[in-house]
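Structure data follow from entry-v4.cif (mmCIF, C-alpha atoms and all ligand atoms):
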data_upload
loop_
_atom_site.label_atom_id
_atom_site.label_comp_id
_atom_site.auth_asym_id
_atom_site.auth_seq_id
_atom_site.Cartn_x
_atom_site.Cartn_y
_atom_site.Cartn_z
CA MET A 1 195.72 54.86 115.99
CA VAL A 2 192.63 56.86 116.94
CA LEU A 3 193.53 60.32 118.14
CA SER A 4 191.74 61.65 121.21
CA GLU A 5 189.89 64.96 120.89
CA ILE A 6 192.66 66.65 122.86
CA ASP A 7 195.35 65.28 120.50
CA LEU A 8 193.24 66.42 117.56
CA LEU A 9 193.00 69.90 119.04
CA MET A 10 196.76 70.02 119.65
CA ASP A 11 197.32 68.92 116.07
CA LEU A 12 195.01 71.69 114.78
CA LEU A 13 196.74 74.30 116.94
CA MET A 14 200.16 73.28 115.67
CA LYS A 15 199.14 73.22 112.00
CA SER A 16 197.22 76.50 112.03
CA LYS A 17 198.80 79.83 111.18
CA TYR A 18 195.94 82.28 111.66
CA ILE A 19 193.94 81.32 114.72
CA VAL A 20 191.05 83.50 115.80
CA ALA A 21 189.35 82.90 119.15
CA ILE A 22 185.77 83.72 120.07
CA THR A 23 185.30 83.72 123.81
CA GLY A 24 182.32 84.03 126.10
CA ALA A 25 181.52 84.15 129.78
CA GLY A 26 182.68 80.52 130.27
CA ILE A 27 186.36 81.46 129.97
CA SER A 28 185.96 83.67 133.06
CA THR A 29 183.91 81.45 135.38
CA ASN A 30 187.13 80.14 136.94
CA ALA A 31 187.99 83.78 137.76
CA GLY A 32 184.85 83.81 139.92
CA ILE A 33 182.60 85.64 137.43
CA PRO A 34 179.42 83.64 136.84
CA ASP A 35 178.18 83.17 133.26
CA PHE A 36 174.58 83.85 132.24
CA ARG A 37 173.33 80.50 131.04
CA GLY A 38 175.54 77.84 132.62
CA PRO A 39 174.50 76.05 135.85
CA GLY A 40 174.79 78.63 138.65
CA GLY A 41 174.83 81.40 136.01
CA LEU A 42 173.33 84.83 136.63
CA TYR A 43 170.07 83.94 134.87
CA SER A 44 169.45 81.08 137.30
CA ARG A 45 169.74 83.36 140.35
CA GLU A 46 166.70 84.69 142.12
CA GLY A 47 166.28 88.46 142.25
CA ILE A 48 168.50 89.21 139.24
CA PRO A 49 166.31 89.68 136.16
CA GLY A 50 169.26 89.69 133.74
CA GLU A 51 167.21 90.42 130.63
CA LYS A 52 165.86 93.60 132.32
CA ILE A 53 169.04 94.75 134.05
CA PHE A 54 170.96 94.76 130.78
CA ASN A 55 168.15 96.18 128.63
CA LEU A 56 168.71 99.72 127.30
CA GLU A 57 165.05 100.83 127.24
CA TYR A 58 164.48 99.47 130.72
CA PHE A 59 167.70 101.11 131.94
CA LYS A 60 166.63 104.53 130.63
CA GLU A 61 163.31 104.23 132.50
CA ASN A 62 164.70 102.66 135.63
CA PRO A 63 168.51 102.86 135.98
CA SER A 64 168.32 102.13 139.71
CA LEU A 65 167.55 98.43 139.08
CA PHE A 66 170.90 98.13 137.30
CA TYR A 67 172.82 100.23 139.81
CA GLU A 68 171.35 98.38 142.81
CA ALA A 69 172.59 95.07 141.41
CA MET A 70 175.87 96.59 140.28
CA PRO A 71 178.16 96.77 143.35
CA ASP A 72 178.66 93.01 143.60
CA LEU A 73 179.03 92.55 139.84
CA LEU A 74 181.42 95.49 139.48
CA HIS A 75 183.70 94.10 142.20
CA LEU A 76 183.75 90.78 140.38
CA PHE A 77 184.68 92.43 137.09
CA LEU A 78 187.26 94.89 138.42
CA GLU A 79 189.05 92.52 140.80
CA ALA A 80 189.11 89.31 138.70
CA LYS A 81 192.42 87.89 137.51
CA PRO A 82 192.99 86.10 134.18
CA THR A 83 192.46 82.32 134.28
CA LYS A 84 194.52 79.52 132.75
CA GLY A 85 192.20 79.81 129.75
CA HIS A 86 193.12 83.48 129.25
CA CYS A 87 196.84 82.68 129.74
CA PHE A 88 196.57 79.86 127.21
CA LEU A 89 195.32 82.37 124.60
CA LYS A 90 198.15 84.78 125.46
CA LYS A 91 200.63 81.94 124.99
CA LEU A 92 199.09 81.10 121.61
CA GLU A 93 199.57 84.75 120.63
CA ASP A 94 203.20 84.68 121.81
CA LEU A 95 203.74 81.62 119.62
CA GLY A 96 202.59 83.73 116.66
CA LYS A 97 199.54 81.57 116.04
CA LEU A 98 196.65 83.47 117.59
CA LYS A 99 195.96 86.72 115.76
CA THR A 100 192.76 88.01 117.35
CA VAL A 101 190.52 87.41 120.33
CA ILE A 102 186.89 88.32 119.71
CA THR A 103 185.10 88.36 123.03
CA GLN A 104 181.57 88.86 124.24
CA ASN A 105 182.94 89.43 127.73
CA ILE A 106 182.95 92.78 129.48
CA ASP A 107 185.48 91.86 132.17
CA GLY A 108 188.62 93.03 130.33
CA LEU A 109 190.49 89.83 131.27
CA HIS A 110 191.97 89.21 127.81
CA LYS A 111 193.64 92.61 127.94
CA LYS A 112 194.79 91.93 131.52
CA ALA A 113 196.29 88.63 130.30
CA GLY A 114 198.22 90.63 127.69
CA ASN A 115 196.48 89.71 124.43
CA SER A 116 197.25 92.64 122.18
CA TYR A 117 194.47 92.46 119.62
CA THR A 118 191.16 91.99 121.42
CA ILE A 119 187.79 92.90 119.95
CA GLU A 120 185.36 93.50 122.81
CA LEU A 121 181.99 93.18 121.07
CA HIS A 122 180.07 94.08 124.20
CA GLY A 123 182.36 96.87 125.42
CA ASN A 124 183.96 97.15 128.85
CA PHE A 125 184.04 99.15 132.07
CA GLU A 126 187.03 101.27 131.03
CA LYS A 127 184.69 104.12 130.27
CA PHE A 128 181.31 105.53 131.36
CA TYR A 129 179.30 108.09 129.41
CA CYS A 130 176.26 110.30 129.77
CA LEU A 131 173.17 109.10 127.91
CA ASN A 132 172.09 112.71 127.41
CA CYS A 133 175.16 114.79 126.43
CA TYR A 134 177.56 111.87 125.68
CA GLN A 135 180.26 113.28 127.98
CA GLU A 136 182.81 110.48 128.44
CA ILE A 137 184.50 109.57 131.71
CA PHE A 138 187.66 107.46 131.57
CA GLU A 139 189.45 105.41 134.22
CA ALA A 140 192.12 108.10 134.70
CA ASP A 141 189.50 110.81 135.42
CA GLU A 142 188.64 111.78 138.96
CA ALA A 143 184.95 111.58 137.97
CA TYR A 144 185.44 107.85 137.29
CA ARG A 145 186.31 107.25 140.97
CA GLU A 146 183.23 109.27 141.97
CA ILE A 147 181.06 107.06 139.74
CA LEU A 148 182.48 103.96 141.42
CA ASN A 149 181.75 105.49 144.83
CA ASN A 150 178.17 106.16 143.74
CA ILE A 151 177.82 102.59 142.53
CA GLU A 152 179.30 101.31 145.78
CA SER A 153 176.49 103.03 147.68
CA LYS A 154 173.89 101.80 145.14
CA LYS A 155 173.21 105.33 143.84
CA THR A 156 172.61 106.04 140.17
CA PRO A 157 175.51 108.22 138.96
CA LEU A 158 174.40 111.39 137.14
CA CYS A 159 176.32 113.57 134.70
CA LYS A 160 178.00 116.57 136.33
CA LYS A 161 177.47 118.68 133.23
CA CYS A 162 173.82 118.04 132.41
CA GLY A 163 172.38 115.73 135.08
CA GLY A 164 171.81 112.91 132.55
CA ILE A 165 172.03 109.24 133.46
CA ILE A 166 175.53 107.77 133.38
CA LYS A 167 175.91 104.39 131.70
CA PRO A 168 178.94 102.10 131.54
CA ASN A 169 180.42 101.52 128.09
CA VAL A 170 179.04 97.99 127.99
CA VAL A 171 176.54 96.92 125.36
CA PHE A 172 173.01 96.33 126.64
CA PHE A 173 170.23 94.45 124.85
CA GLY A 174 168.84 96.94 122.35
CA GLU A 175 172.26 98.41 121.44
CA TYR A 176 174.61 97.73 118.54
CA VAL A 177 177.65 95.60 119.30
CA ARG A 178 181.08 97.16 118.75
CA ASP A 179 183.47 96.41 115.89
CA LEU A 180 181.33 93.70 114.27
CA GLU A 181 182.82 94.40 110.82
CA LYS A 182 186.35 93.93 112.18
CA ALA A 183 185.28 90.70 113.88
CA LEU A 184 183.75 89.37 110.64
CA THR A 185 186.92 90.18 108.71
CA GLU A 186 189.06 88.37 111.26
CA VAL A 187 186.83 85.27 111.21
CA GLN A 188 187.04 85.21 107.40
CA LYS A 189 190.85 85.30 107.58
CA ALA A 190 191.10 82.46 110.11
CA ASP A 191 192.33 78.98 109.30
CA LEU A 192 191.21 77.85 112.76
CA LEU A 193 188.36 79.34 114.76
CA LEU A 194 188.57 78.46 118.43
CA VAL A 195 185.35 79.00 120.38
CA ILE A 196 185.84 78.95 124.15
CA GLY A 197 183.18 79.26 126.85
CA SER A 198 180.32 80.59 124.77
CA SER A 199 176.84 79.13 124.43
CA LEU A 200 176.85 80.68 120.91
CA THR A 201 173.25 81.73 121.43
CA VAL A 202 173.65 85.50 121.80
CA TYR A 203 173.38 87.40 118.50
CA PRO A 204 175.18 88.64 116.53
CA ALA A 205 178.25 86.89 117.95
CA ALA A 206 176.42 83.60 117.53
CA THR A 207 176.47 84.04 113.75
CA LEU A 208 180.24 84.60 113.51
CA PRO A 209 181.24 80.93 113.02
CA SER A 210 179.04 80.78 109.90
CA TYR A 211 181.41 83.27 108.18
CA LEU A 212 184.34 80.87 108.43
CA ASP A 213 186.03 79.97 105.14
CA ASP A 214 185.14 76.49 103.76
CA THR A 215 188.74 75.32 104.17
CA ALA A 216 189.04 76.59 107.75
CA LYS A 217 188.48 74.46 110.85
CA LEU A 218 186.27 75.04 113.86
CA ALA A 219 187.12 73.83 117.39
CA ILE A 220 184.79 74.31 120.35
CA ILE A 221 185.62 74.09 124.05
CA ASN A 222 182.44 74.60 126.05
CA GLN A 223 180.94 72.69 128.95
CA MET A 224 177.46 72.67 127.42
CA GLU A 225 176.45 71.83 123.85
CA THR A 226 176.36 74.65 121.29
CA PRO A 227 174.40 74.97 118.03
CA TYR A 228 177.70 74.62 116.09
CA ASP A 229 178.94 71.36 117.65
CA SER A 230 178.02 69.28 114.60
CA LYS A 231 180.08 71.59 112.33
CA ALA A 232 183.23 71.48 114.46
CA LYS A 233 186.29 69.35 113.81
CA VAL A 234 186.89 69.10 117.57
CA VAL A 235 184.36 69.51 120.38
CA LEU A 236 185.36 69.33 124.03
CA HIS A 237 182.55 69.64 126.59
CA GLU A 238 184.99 70.26 129.40
CA ASP A 239 186.35 72.95 131.66
CA ILE A 240 188.64 75.28 129.69
CA ASP A 241 191.30 75.44 132.41
CA SER A 242 191.68 71.66 132.55
CA ILE A 243 191.95 71.61 128.75
CA ALA A 244 194.58 74.37 128.90
CA GLU A 245 196.57 72.24 131.37
CA LYS A 246 196.28 69.10 129.23
CA LEU A 247 197.47 70.95 126.12
CA LYS A 248 200.79 71.69 127.87
CA ILE A 249 201.26 74.89 125.90
CA LEU A 250 201.31 77.07 129.05
P1 LIG B 1 176.64 82.26 128.19
O1 LIG B 1 175.47 82.26 127.29
O2 LIG B 1 176.44 82.50 129.66
O3 LIG B 1 177.41 80.88 127.96
C1 LIG B 1 178.56 80.55 128.68
C2 LIG B 1 178.91 79.10 128.31
O4 LIG B 1 180.16 78.81 128.93
C3 LIG B 1 177.91 78.07 128.79
O5 LIG B 1 177.44 77.33 127.67
C4 LIG B 1 178.70 77.18 129.76
O6 LIG B 1 178.44 75.81 129.58
C5 LIG B 1 180.14 77.46 129.38
N1 LIG B 1 181.09 77.40 130.48
C6 LIG B 1 180.95 77.89 131.75
N2 LIG B 1 182.08 77.71 132.47
C7 LIG B 1 182.95 77.05 131.64
C8 LIG B 1 184.27 76.57 131.80
N3 LIG B 1 184.94 76.73 132.95
N4 LIG B 1 184.87 75.95 130.75
C9 LIG B 1 184.20 75.77 129.56
N5 LIG B 1 182.93 76.20 129.37
C10 LIG B 1 182.32 76.85 130.38
O7 LIG B 1 177.71 83.33 127.76
P2 LIG B 1 178.05 83.89 126.33
O8 LIG B 1 179.34 84.57 126.52
O9 LIG B 1 177.89 82.90 125.26
O10 LIG B 1 176.88 84.94 126.15
C11 LIG B 1 177.17 86.19 125.89
C12 LIG B 1 176.72 87.16 126.99
C13 LIG B 1 177.18 86.82 128.37
C14 LIG B 1 177.37 88.45 126.69
O11 LIG B 1 176.39 89.44 126.65
C15 LIG B 1 178.37 88.73 127.82
O12 LIG B 1 178.59 90.10 127.95
C16 LIG B 1 177.69 88.13 128.98
N6 LIG B 1 178.49 87.85 130.19
C17 LIG B 1 179.80 88.19 130.29
C18 LIG B 1 180.50 87.91 131.45
C19 LIG B 1 181.95 88.33 131.54
O13 LIG B 1 182.33 89.36 131.02
N7 LIG B 1 182.79 87.51 132.19
C20 LIG B 1 179.87 87.25 132.51
C21 LIG B 1 178.51 86.93 132.38
C22 LIG B 1 177.83 87.23 131.21
#
In structure tokens, write the structure found in this file.
Amino acid sequence: MVLSEIDLLMDLLMKSKYIVAITGAGISTNAGIPDFRGPGGLYSREGIPGEKIFNLEYFKENPSLFYEAMPDLLHLFLEAKPTKGHCFLKKLEDLGKLKTVITQNIDGLHKKAGNSYTIELHGNFEKFYCLNCYQEIFEADEAYREILNNIESKKTPLCKKCGGIIKPNVVFFGEYVRDLEKALTEVQKADLLLVIGSSLTVYPAATLPSYLDDTAKLAIINQMETPYDSKAKVVLHEDIDSIAEKLKIL
């Protein structure tokens, strides 16, 4: 009997004991947050020069471009709810199979779904900080609410201590990603690496699958092709939520 790709994936999930997931923007599109490079993604929209908005040098020179585009994006990020894809990964963790989620996403949805060990390579909006004096502002601080109010009215928030530019704790082009060493270690420990909703074209996350042990398996769920498809045991070019439903693990 020839197993379908979905049966093969189920088989891999059941046999694996140390699953590590790498997720990208595609796991959150069903939560209403557009990806960058998929059809309808942010990069295909007029008036949003993504490469500039999320560029550190450009931001330092001209933070208003980022903050003018920010209100809509921030609402999307702060109000989004976990999708079936996120819940599927939480369930895999509850089953004792999934050990770590490594994500390029900045929407915090893996934590909202309840995954306890999440490596957010590109940071999150839980914190803002001053580019000049490095004063940090956390969600519980009153100043955090003031920053959100500033953003709401498309104003660039400035540091109350020194007047420096306030930046969210998300990684822009030109900055180091967070916890890369930890992510590499987790990939090396995995017996199954599950890539979900990532074009695997943004570095250094795009290199992570190459650190997989020779005996470990790679499975990819992504609507578009990725550079690693030929190396994967299972490739599903489908919507993650419909795959999550078909797997009947939820
Ligand atoms: P990407 O390069 O935009 O790729 C996303 C991939 O997901 C595409 O190849 C799509 O085909 C695929 N995809 C879209 N929807 C689905 C779906 N429902 N099911 C399966 N596949 C789908 O995004 P990457 O994450 O690879 O690139 C990394 C960038 C995008 C990082 O810098 C992120 O911070 C950034 N980003 C994050 C978010 C977020 O936090 N939700 C949103 C937009 C961009």
Taking only C-alpha atoms and all ligand atoms and a cut-off of 8 Å, can you tell me which residues surround ligand LIG 1 (chain B), written as an mmCIF file with C-alpha atoms, in the frame of the given file?
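Okay, this is what ended up in selection33.cif:
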data_model
loop_
_atom_site.group_PDB
_atom_site.id
_atom_site.type_symbol
_atom_site.label_atom_id
_atom_site.label_comp_id
_atom_site.auth_asym_id
_atom_site.auth_seq_id
_atom_site.Cartn_x
_atom_site.Cartn_y
_atom_site.Cartn_z
ATOM 1 C CA THR A 23 185.300 83.720 123.810
ATOM 2 C CA GLY A 24 182.320 84.030 126.100
ATOM 3 C CA ALA A 25 181.520 84.150 129.780
ATOM 4 C CA GLY A 26 182.680 80.520 130.270
ATOM 5 C CA ILE A 27 186.360 81.460 129.970
ATOM 6 C CA SER A 28 185.960 83.670 133.060
ATOM 7 C CA THR A 29 183.910 81.450 135.380
ATOM 8 C CA ASN A 30 187.130 80.140 136.940
ATOM 9 C CA ILE A 33 182.600 85.640 137.430
ATOM 10 C CA PRO A 34 179.420 83.640 136.840
ATOM 11 C CA ASP A 35 178.180 83.170 133.260
ATOM 12 C CA PHE A 36 174.580 83.850 132.240
ATOM 13 C CA ARG A 37 173.330 80.500 131.040
ATOM 14 C CA GLY A 38 175.540 77.840 132.620
ATOM 15 C CA PRO A 39 174.500 76.050 135.850
ATOM 16 C CA GLY A 41 174.830 81.400 136.010
ATOM 17 C CA LEU A 42 173.330 84.830 136.630
ATOM 18 C CA PHE A 77 184.680 92.430 137.090
ATOM 19 C CA THR A 103 185.100 88.360 123.030
ATOM 20 C CA GLN A 104 181.570 88.860 124.240
ATOM 21 C CA ASN A 105 182.940 89.430 127.730
ATOM 22 C CA ILE A 106 182.950 92.780 129.480
ATOM 23 C CA ASP A 107 185.480 91.860 132.170
ATOM 24 C CA GLY A 108 188.620 93.030 130.330
ATOM 25 C CA HIS A 122 180.070 94.080 124.200
ATOM 26 C CA VAL A 170 179.040 97.990 127.990
ATOM 27 C CA VAL A 171 176.540 96.920 125.360
ATOM 28 C CA PHE A 172 173.010 96.330 126.640
ATOM 29 C CA ILE A 196 185.840 78.950 124.150
ATOM 30 C CA GLY A 197 183.180 79.260 126.850
ATOM 31 C CA SER A 198 180.320 80.590 124.770
ATOM 32 C CA SER A 199 176.840 79.130 124.430
ATOM 33 C CA LEU A 200 176.850 80.680 120.910
ATOM 34 C CA THR A 201 173.250 81.730 121.430
ATOM 35 C CA VAL A 202 173.650 85.500 121.800
ATOM 36 C CA ALA A 206 176.420 83.600 117.530
ATOM 37 C CA ILE A 221 185.620 74.090 124.050
ATOM 38 C CA ASN A 222 182.440 74.600 126.050
ATOM 39 C CA GLN A 223 180.940 72.690 128.950
ATOM 40 C CA MET A 224 177.460 72.670 127.420
ATOM 41 C CA GLU A 225 176.450 71.830 123.850
ATOM 42 C CA THR A 226 176.360 74.650 121.290
ATOM 43 C CA HIS A 237 182.550 69.640 126.590
ATOM 44 C CA GLU A 238 184.990 70.260 129.400
ATOM 45 C CA ASP A 239 186.350 72.950 131.660
ATOM 46 C CA ILE A 240 188.640 75.280 129.690
ATOM 47 C CA ASP A 241 191.300 75.440 132.410
#
Quick one: residues within 10 Å of Tyr67 (chain A), all atoms listed in the file, excluding same-chain residues fewer than 4 positions away - as a PDB file with C-alpha atoms, in the coordinates of the input?
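After the write, selection-v9.pdb holds the following:
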ATOM      1  CA  ILE A  53     169.040  94.750 134.050  1.00  0.00           C
ATOM      2  CA  PHE A  59     167.700 101.110 131.940  1.00  0.00           C
ATOM      3  CA  ASN A  62     164.700 102.660 135.630  1.00  0.00           C
ATOM      4  CA  PRO A  63     168.510 102.860 135.980  1.00  0.00           C
ATOM      5  CA  PRO A  71     178.160  96.770 143.350  1.00  0.00           C
ATOM      6  CA  LEU A  73     179.030  92.550 139.840  1.00  0.00           C
ATOM      7  CA  LEU A  74     181.420  95.490 139.480  1.00  0.00           C
ATOM      8  CA  ASN A 150     178.170 106.160 143.740  1.00  0.00           C
ATOM      9  CA  ILE A 151     177.820 102.590 142.530  1.00  0.00           C
ATOM     10  CA  GLU A 152     179.300 101.310 145.780  1.00  0.00           C
ATOM     11  CA  SER A 153     176.490 103.030 147.680  1.00  0.00           C
ATOM     12  CA  LYS A 154     173.890 101.800 145.140  1.00  0.00           C
ATOM     13  CA  LYS A 155     173.210 105.330 143.840  1.00  0.00           C
ATOM     14  CA  THR A 156     172.610 106.040 140.170  1.00  0.00           C
ATOM     15  CA  PRO A 157     175.510 108.220 138.960  1.00  0.00           C
ATOM     16  CA  LYS A 167     175.910 104.390 131.700  1.00  0.00           C
TER      17      LYS A 167
END
Once 6 Å is added on each side, what are the centre and the three edge lengths, in Å to one decimal, of the axis-aligned box enclosing the listed atoms of region 129-145 of chain A? Present them as JSON.
{"center_x": 182.1, "center_y": 110.1, "center_z": 133.3, "size_x": 32.0, "size_y": 21.4, "size_z": 27.3}
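The smallest atom-to-atom distance between Ala190 (chain A) and any of A:His86, A:His75, A:Lys97, A:Lys91, using all atoms listed in the file, is found for A:Lys97.
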Worksheet item: With distances taken over all atoms listed in the file, which of A:Ala244, A:Leu78, A:Leu184, A:Ile147 is nearest to Ala31 (chain A)?
Response: A:Leu78
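In this structure, CA of Phe125 (chain A) sits 24.8 Å away from CA of Leu98 (chain A).
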Name the residues in contact with Ile19 (chain A) at a cut-off of 9 Å, using all atoms listed in the file, excluding same-chain residues fewer than 3 positions from it; report them as a PDB file with C-alpha atoms, in the frame of the given file.
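After the write, selection.pdb holds the following:
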ATOM      1  CA  LEU A  13     196.740  74.300 116.940  1.00  0.00           C
ATOM      2  CA  SER A  16     197.220  76.500 112.030  1.00  0.00           C
ATOM      3  CA  LEU A  92     199.090  81.100 121.610  1.00  0.00           C
ATOM      4  CA  GLU A  93     199.570  84.750 120.630  1.00  0.00           C
ATOM      5  CA  LYS A  97     199.540  81.570 116.040  1.00  0.00           C
ATOM      6  CA  LEU A  98     196.650  83.470 117.590  1.00  0.00           C
ATOM      7  CA  LYS A  99     195.960  86.720 115.760  1.00  0.00           C
ATOM      8  CA  THR A 100     192.760  88.010 117.350  1.00  0.00           C
ATOM      9  CA  VAL A 101     190.520  87.410 120.330  1.00  0.00           C
ATOM     10  CA  VAL A 187     186.830  85.270 111.210  1.00  0.00           C
ATOM     11  CA  LYS A 189     190.850  85.300 107.580  1.00  0.00           C
ATOM     12  CA  ALA A 190     191.100  82.460 110.110  1.00  0.00           C
ATOM     13  CA  ASP A 191     192.330  78.980 109.300  1.00  0.00           C
ATOM     14  CA  LEU A 192     191.210  77.850 112.760  1.00  0.00           C
ATOM     15  CA  LEU A 193     188.360  79.340 114.760  1.00  0.00           C
ATOM     16  CA  LEU A 194     188.570  78.460 118.430  1.00  0.00           C
TER      17      LEU A 194
END
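What separates CA of Met10 (chain A) from CA of Lys84 (chain A) is a distance of 16.3 Å.
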Worksheet item: Of the candidates A:Ala113, A:Leu8, A:Ala183, A:Met70, which one gets nearest to Ile22 (chain A) if we count all atoms listed in the file?
Response: A:Ala183
Worksheet item: Hey, what's within 10 Å of Lys161 (chain A) if we count all atoms listed in the file and toss same-chain stuff fewer than 6 positions away? As JSON, numbers by chain, please?
Response: {"A": [130, 132, 133, 135]}
Pull out region 213-221 of chain A, keep all heavy atoms, and write it as a compact mmCIF listing (two decimals), in the first residue's frame.
# COMPACT_ATOMS: atom_id res chain seq x y z
N ASP A 213 20.62 16.40 12.35
CA ASP A 213 21.42 15.17 12.37
C ASP A 213 21.08 14.30 11.14
O ASP A 213 19.95 14.31 10.66
CB ASP A 213 21.08 14.41 13.66
CG ASP A 213 22.00 13.24 13.89
OD1 ASP A 213 23.08 13.47 14.44
OD2 ASP A 213 21.63 12.12 13.50
N ASP A 214 22.08 13.53 10.67
CA ASP A 214 21.88 12.69 9.47
C ASP A 214 20.73 11.69 9.63
O ASP A 214 20.08 11.32 8.65
CB ASP A 214 23.16 11.90 9.16
CG ASP A 214 24.22 12.82 8.59
OD1 ASP A 214 23.87 13.95 8.20
OD2 ASP A 214 25.40 12.41 8.56
N THR A 215 20.52 11.23 10.88
CA THR A 215 19.48 10.22 11.09
C THR A 215 18.10 10.85 11.30
O THR A 215 17.10 10.14 11.32
CB THR A 215 19.80 9.37 12.35
OG1 THR A 215 19.89 10.27 13.46
CG2 THR A 215 21.09 8.61 12.18
N ALA A 216 18.07 12.17 11.47
CA ALA A 216 16.79 12.84 11.76
C ALA A 216 16.01 13.09 10.47
O ALA A 216 16.57 13.09 9.37
CB ALA A 216 17.06 14.15 12.48
N LYS A 217 14.71 13.29 10.63
CA LYS A 217 13.83 13.50 9.47
C LYS A 217 13.36 14.96 9.41
O LYS A 217 13.26 15.61 10.44
CB LYS A 217 12.59 12.60 9.58
CG LYS A 217 12.88 11.13 9.85
CD LYS A 217 13.24 10.42 8.56
CE LYS A 217 13.30 8.92 8.70
NZ LYS A 217 14.23 8.42 9.72
N LEU A 218 13.07 15.37 8.18
CA LEU A 218 12.57 16.73 7.96
C LEU A 218 11.18 16.64 7.34
O LEU A 218 10.97 15.87 6.39
CB LEU A 218 13.53 17.48 7.03
CG LEU A 218 13.12 18.86 6.54
CD1 LEU A 218 13.05 19.86 7.71
CD2 LEU A 218 14.13 19.38 5.50
N ALA A 219 10.22 17.37 7.86
CA ALA A 219 8.88 17.45 7.26
C ALA A 219 8.52 18.92 7.08
O ALA A 219 8.77 19.74 7.96
CB ALA A 219 7.85 16.77 8.17
N ILE A 220 7.97 19.25 5.91
CA ILE A 220 7.67 20.66 5.60
C ILE A 220 6.20 20.82 5.24
O ILE A 220 5.69 20.10 4.37
CB ILE A 220 8.55 21.16 4.42
CG1 ILE A 220 10.03 21.08 4.81
CG2 ILE A 220 8.16 22.57 4.00
CD1 ILE A 220 11.00 21.48 3.71
N ILE A 221 5.54 21.74 5.94
CA ILE A 221 4.16 22.10 5.57
C ILE A 221 4.20 23.58 5.20
O ILE A 221 4.37 24.45 6.06
CB ILE A 221 3.18 21.90 6.75
CG1 ILE A 221 3.25 20.46 7.27
CG2 ILE A 221 1.75 22.26 6.32
CD1 ILE A 221 2.51 20.24 8.59
